[in-house]
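Peer 1: Below: one structure in structure tokens.
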Amino acid sequence: MRNKFEGVCYLCNLAVKIGEGHFQKQRGKFLVKHALYTSAGAKTCEEARSESVKLTKLVNFYQTKE
């Protein structure tokens, strides 16, 4: 099922926004992970990782301009 709450992916340790992944219950806890395949609104771990790298580069670029 799609995740209805934000969380941290247990596979790649990056943020999973609402509706971008799936959840499962394991040992009484809900775990969130990115989708295995790209579909409507979902992201894979690889897509989230590349987005994170782009944002980091952008932040570093603007910090060095100051």
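Chain labels follow the order of the structure tokens: the first chain is A, the next B, and so on; residue numbering restarts at 1 in every chain, and ligands are counted from 1 in their shown order.
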Quick one: residues within 10 Å of Ile18 (chain A), only C-alpha atoms, excluding same-chain residues fewer than 3 positions away - as number ranges by chain?
Peer 2: A: 2-7, 15, 21-22, 41-42
Peer 1: Just to be explicit: take each residue in the selection above, keep all heavy atoms, and write the result as a PDB file, in the first residue's frame.
Peer 2:
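Saved as out_3.pdb:
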```pdb
ATOM      1  N   ARG A   2       0.350   2.311  -0.558  1.00  0.00           N
ATOM      2  CA  ARG A   2       1.074   3.579  -0.563  1.00  0.00           C
ATOM      3  C   ARG A   2       1.166   4.149   0.843  1.00  0.00           C
ATOM      4  O   ARG A   2       0.280   3.965   1.657  1.00  0.00           O
ATOM      5  CB  ARG A   2       0.357   4.597  -1.450  1.00  0.00           C
ATOM      6  CG  ARG A   2       0.476   4.329  -2.925  1.00  0.00           C
ATOM      7  CD  ARG A   2       1.919   4.539  -3.348  1.00  0.00           C
ATOM      8  NE  ARG A   2       2.094   4.120  -4.710  1.00  0.00           N
ATOM      9  CZ  ARG A   2       2.224   4.948  -5.723  1.00  0.00           C
ATOM     10  NH1 ARG A   2       2.194   6.237  -5.526  1.00  0.00           N
ATOM     11  NH2 ARG A   2       2.400   4.484  -6.924  1.00  0.00           N
ATOM     12  N   ASN A   3       2.252   4.860   1.100  1.00  0.00           N
ATOM     13  CA  ASN A   3       2.423   5.466   2.418  1.00  0.00           C
ATOM     14  C   ASN A   3       1.567   6.728   2.534  1.00  0.00           C
ATOM     15  O   ASN A   3       1.490   7.524   1.610  1.00  0.00           O
ATOM     16  CB  ASN A   3       3.892   5.776   2.688  1.00  0.00           C
ATOM     17  CG  ASN A   3       4.490   6.752   1.707  1.00  0.00           C
ATOM     18  OD1 ASN A   3       4.270   6.648   0.508  1.00  0.00           O
ATOM     19  ND2 ASN A   3       5.255   7.695   2.201  1.00  0.00           N
ATOM     20  N   LYS A   4       0.936   6.874   3.673  1.00  0.00           N
ATOM     21  CA  LYS A   4       0.104   8.045   3.949  1.00  0.00           C
ATOM     22  C   LYS A   4       0.820   9.035   4.851  1.00  0.00           C
ATOM     23  O   LYS A   4       0.306  10.101   5.140  1.00  0.00           O
ATOM     24  CB  LYS A   4      -1.218   7.622   4.592  1.00  0.00           C
ATOM     25  CG  LYS A   4      -2.080   6.792   3.676  1.00  0.00           C
ATOM     26  CD  LYS A   4      -3.381   6.415   4.337  1.00  0.00           C
ATOM     27  CE  LYS A   4      -4.208   5.553   3.411  1.00  0.00           C
ATOM     28  NZ  LYS A   4      -5.469   5.133   4.029  1.00  0.00           N
ATOM     29  N   PHE A   5       1.996   8.670   5.317  1.00  0.00           N
ATOM     30  CA  PHE A   5       2.795   9.522   6.186  1.00  0.00           C
ATOM     31  C   PHE A   5       4.226   9.550   5.663  1.00  0.00           C
ATOM     32  O   PHE A   5       4.696   8.600   5.046  1.00  0.00           O
ATOM     33  CB  PHE A   5       2.799   8.995   7.629  1.00  0.00           C
ATOM     34  CG  PHE A   5       1.428   8.932   8.235  1.00  0.00           C
ATOM     35  CD1 PHE A   5       0.710   7.753   8.252  1.00  0.00           C
ATOM     36  CD2 PHE A   5       0.861  10.059   8.787  1.00  0.00           C
ATOM     37  CE1 PHE A   5      -0.548   7.679   8.802  1.00  0.00           C
ATOM     38  CE2 PHE A   5      -0.401  10.008   9.345  1.00  0.00           C
ATOM     39  CZ  PHE A   5      -1.114   8.816   9.350  1.00  0.00           C
ATOM     40  N   GLU A   6       4.920  10.656   5.941  1.00  0.00           N
ATOM     41  CA  GLU A   6       6.326  10.746   5.569  1.00  0.00           C
ATOM     42  C   GLU A   6       7.152   9.843   6.470  1.00  0.00           C
ATOM     43  O   GLU A   6       6.764   9.543   7.595  1.00  0.00           O
ATOM     44  CB  GLU A   6       6.814  12.186   5.696  1.00  0.00           C
ATOM     45  CG  GLU A   6       6.217  13.111   4.673  1.00  0.00           C
ATOM     46  CD  GLU A   6       6.819  14.500   4.732  1.00  0.00           C
ATOM     47  OE1 GLU A   6       7.744  14.739   5.532  1.00  0.00           O
ATOM     48  OE2 GLU A   6       6.353  15.352   3.968  1.00  0.00           O
ATOM     49  N   GLY A   7       8.291   9.423   5.963  1.00  0.00           N
ATOM     50  CA  GLY A   7       9.184   8.593   6.749  1.00  0.00           C
ATOM     51  C   GLY A   7      10.544   8.506   6.100  1.00  0.00           C
ATOM     52  O   GLY A   7      10.836   9.213   5.137  1.00  0.00           O
ATOM     53  N   ALA A  15      14.518  10.508   2.720  1.00  0.00           N
ATOM     54  CA  ALA A  15      13.125  10.818   3.031  1.00  0.00           C
ATOM     55  C   ALA A  15      12.182  10.277   1.967  1.00  0.00           C
ATOM     56  O   ALA A  15      12.478  10.318   0.779  1.00  0.00           O
ATOM     57  CB  ALA A  15      12.954  12.320   3.156  1.00  0.00           C
ATOM     58  N   GLY A  21       6.009   6.232  -1.888  1.00  0.00           N
ATOM     59  CA  GLY A  21       6.550   4.908  -1.616  1.00  0.00           C
ATOM     60  C   GLY A  21       5.487   3.984  -1.070  1.00  0.00           C
ATOM     61  O   GLY A  21       4.297   4.175  -1.288  1.00  0.00           O
ATOM     62  N   HIS A  22       5.946   2.977  -0.348  1.00  0.00           N
ATOM     63  CA  HIS A  22       5.058   1.976   0.223  1.00  0.00           C
ATOM     64  C   HIS A  22       5.414   1.768   1.682  1.00  0.00           C
ATOM     65  O   HIS A  22       6.511   2.095   2.119  1.00  0.00           O
ATOM     66  CB  HIS A  22       5.213   0.644  -0.526  1.00  0.00           C
ATOM     67  CG  HIS A  22       4.931   0.757  -1.977  1.00  0.00           C
ATOM     68  ND1 HIS A  22       3.667   0.773  -2.486  1.00  0.00           N
ATOM     69  CD2 HIS A  22       5.764   0.879  -3.037  1.00  0.00           C
ATOM     70  CE1 HIS A  22       3.722   0.884  -3.797  1.00  0.00           C
ATOM     71  NE2 HIS A  22       4.985   0.951  -4.158  1.00  0.00           N
ATOM     72  N   GLY A  41       3.457   9.258  -9.387  1.00  0.00           N
ATOM     73  CA  GLY A  41       3.815   9.899  -8.127  1.00  0.00           C
ATOM     74  C   GLY A  41       4.851   9.190  -7.285  1.00  0.00           C
ATOM     75  O   GLY A  41       5.309   9.727  -6.292  1.00  0.00           O
ATOM     76  N   ALA A  42       5.236   7.986  -7.658  1.00  0.00           N
ATOM     77  CA  ALA A  42       6.188   7.223  -6.856  1.00  0.00           C
ATOM     78  C   ALA A  42       7.622   7.477  -7.329  1.00  0.00           C
ATOM     79  O   ALA A  42       7.862   7.807  -8.477  1.00  0.00           O
ATOM     80  CB  ALA A  42       5.873   5.736  -6.936  1.00  0.00           C
TER      81      ALA A  42
END
```
Peer 1: Between A:His34, A:Met1, A:Tyr62, A:Lys29, which has the minimum distance to Ala48 (chain A) (counting only C-alpha atoms)?
Peer 2: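 That would be A:His34, the residue with the smallest distance to Ala48 (chain A).
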Peer 1: Based on the backbone DSSP call, show me all residues of chain A assigned strand (DSSP E), as a ChimeraX atom specification.
Peer 2: /A:7-8,15-16,21-26,29-34
Peer 1: Keeping C-alpha atoms, export the residues of the selection given above as a PDB file, in the first residue's frame.
Peer 2:
```pdb
ATOM      1  CA  GLY A   7       9.184   8.593   6.749  1.00  0.00           C
ATOM      2  CA  VAL A   8      12.723   7.426   6.085  1.00  0.00           C
ATOM      3  CA  ALA A  15      13.125  10.818   3.031  1.00  0.00           C
ATOM      4  CA  VAL A  16       9.978   9.315   1.531  1.00  0.00           C
ATOM      5  CA  GLY A  21       6.550   4.908  -1.616  1.00  0.00           C
ATOM      6  CA  HIS A  22       5.058   1.976   0.223  1.00  0.00           C
ATOM      7  CA  PHE A  23       4.763   0.882   3.824  1.00  0.00           C
ATOM      8  CA  GLN A  24       4.719  -2.446   5.562  1.00  0.00           C
ATOM      9  CA  LYS A  25       4.213  -3.507   9.137  1.00  0.00           C
ATOM     10  CA  GLN A  26       6.969  -5.592  10.631  1.00  0.00           C
ATOM     11  CA  LYS A  29       6.390  -1.142  13.518  1.00  0.00           C
ATOM     12  CA  PHE A  30       5.564   0.506  10.218  1.00  0.00           C
ATOM     13  CA  LEU A  31       8.475   0.636   7.787  1.00  0.00           C
ATOM     14  CA  VAL A  32       8.567   2.917   4.745  1.00  0.00           C
ATOM     15  CA  LYS A  33      10.477   2.381   1.517  1.00  0.00           C
ATOM     16  CA  HIS A  34      10.652   3.938  -1.910  1.00  0.00           C
TER      17      HIS A  34
END
```
Peer 1: Any idea what the distance is between CA of Asn13 (chain A) and CA of Phe61 (chain A)?
Peer 2: 24.2 Å
Peer 1: Please extract the residues of chain A with a backbone DSSP assignment of helix (DSSP H, G or I) and present them as a ChimeraX atom specification.
Peer 2: /A:45-65
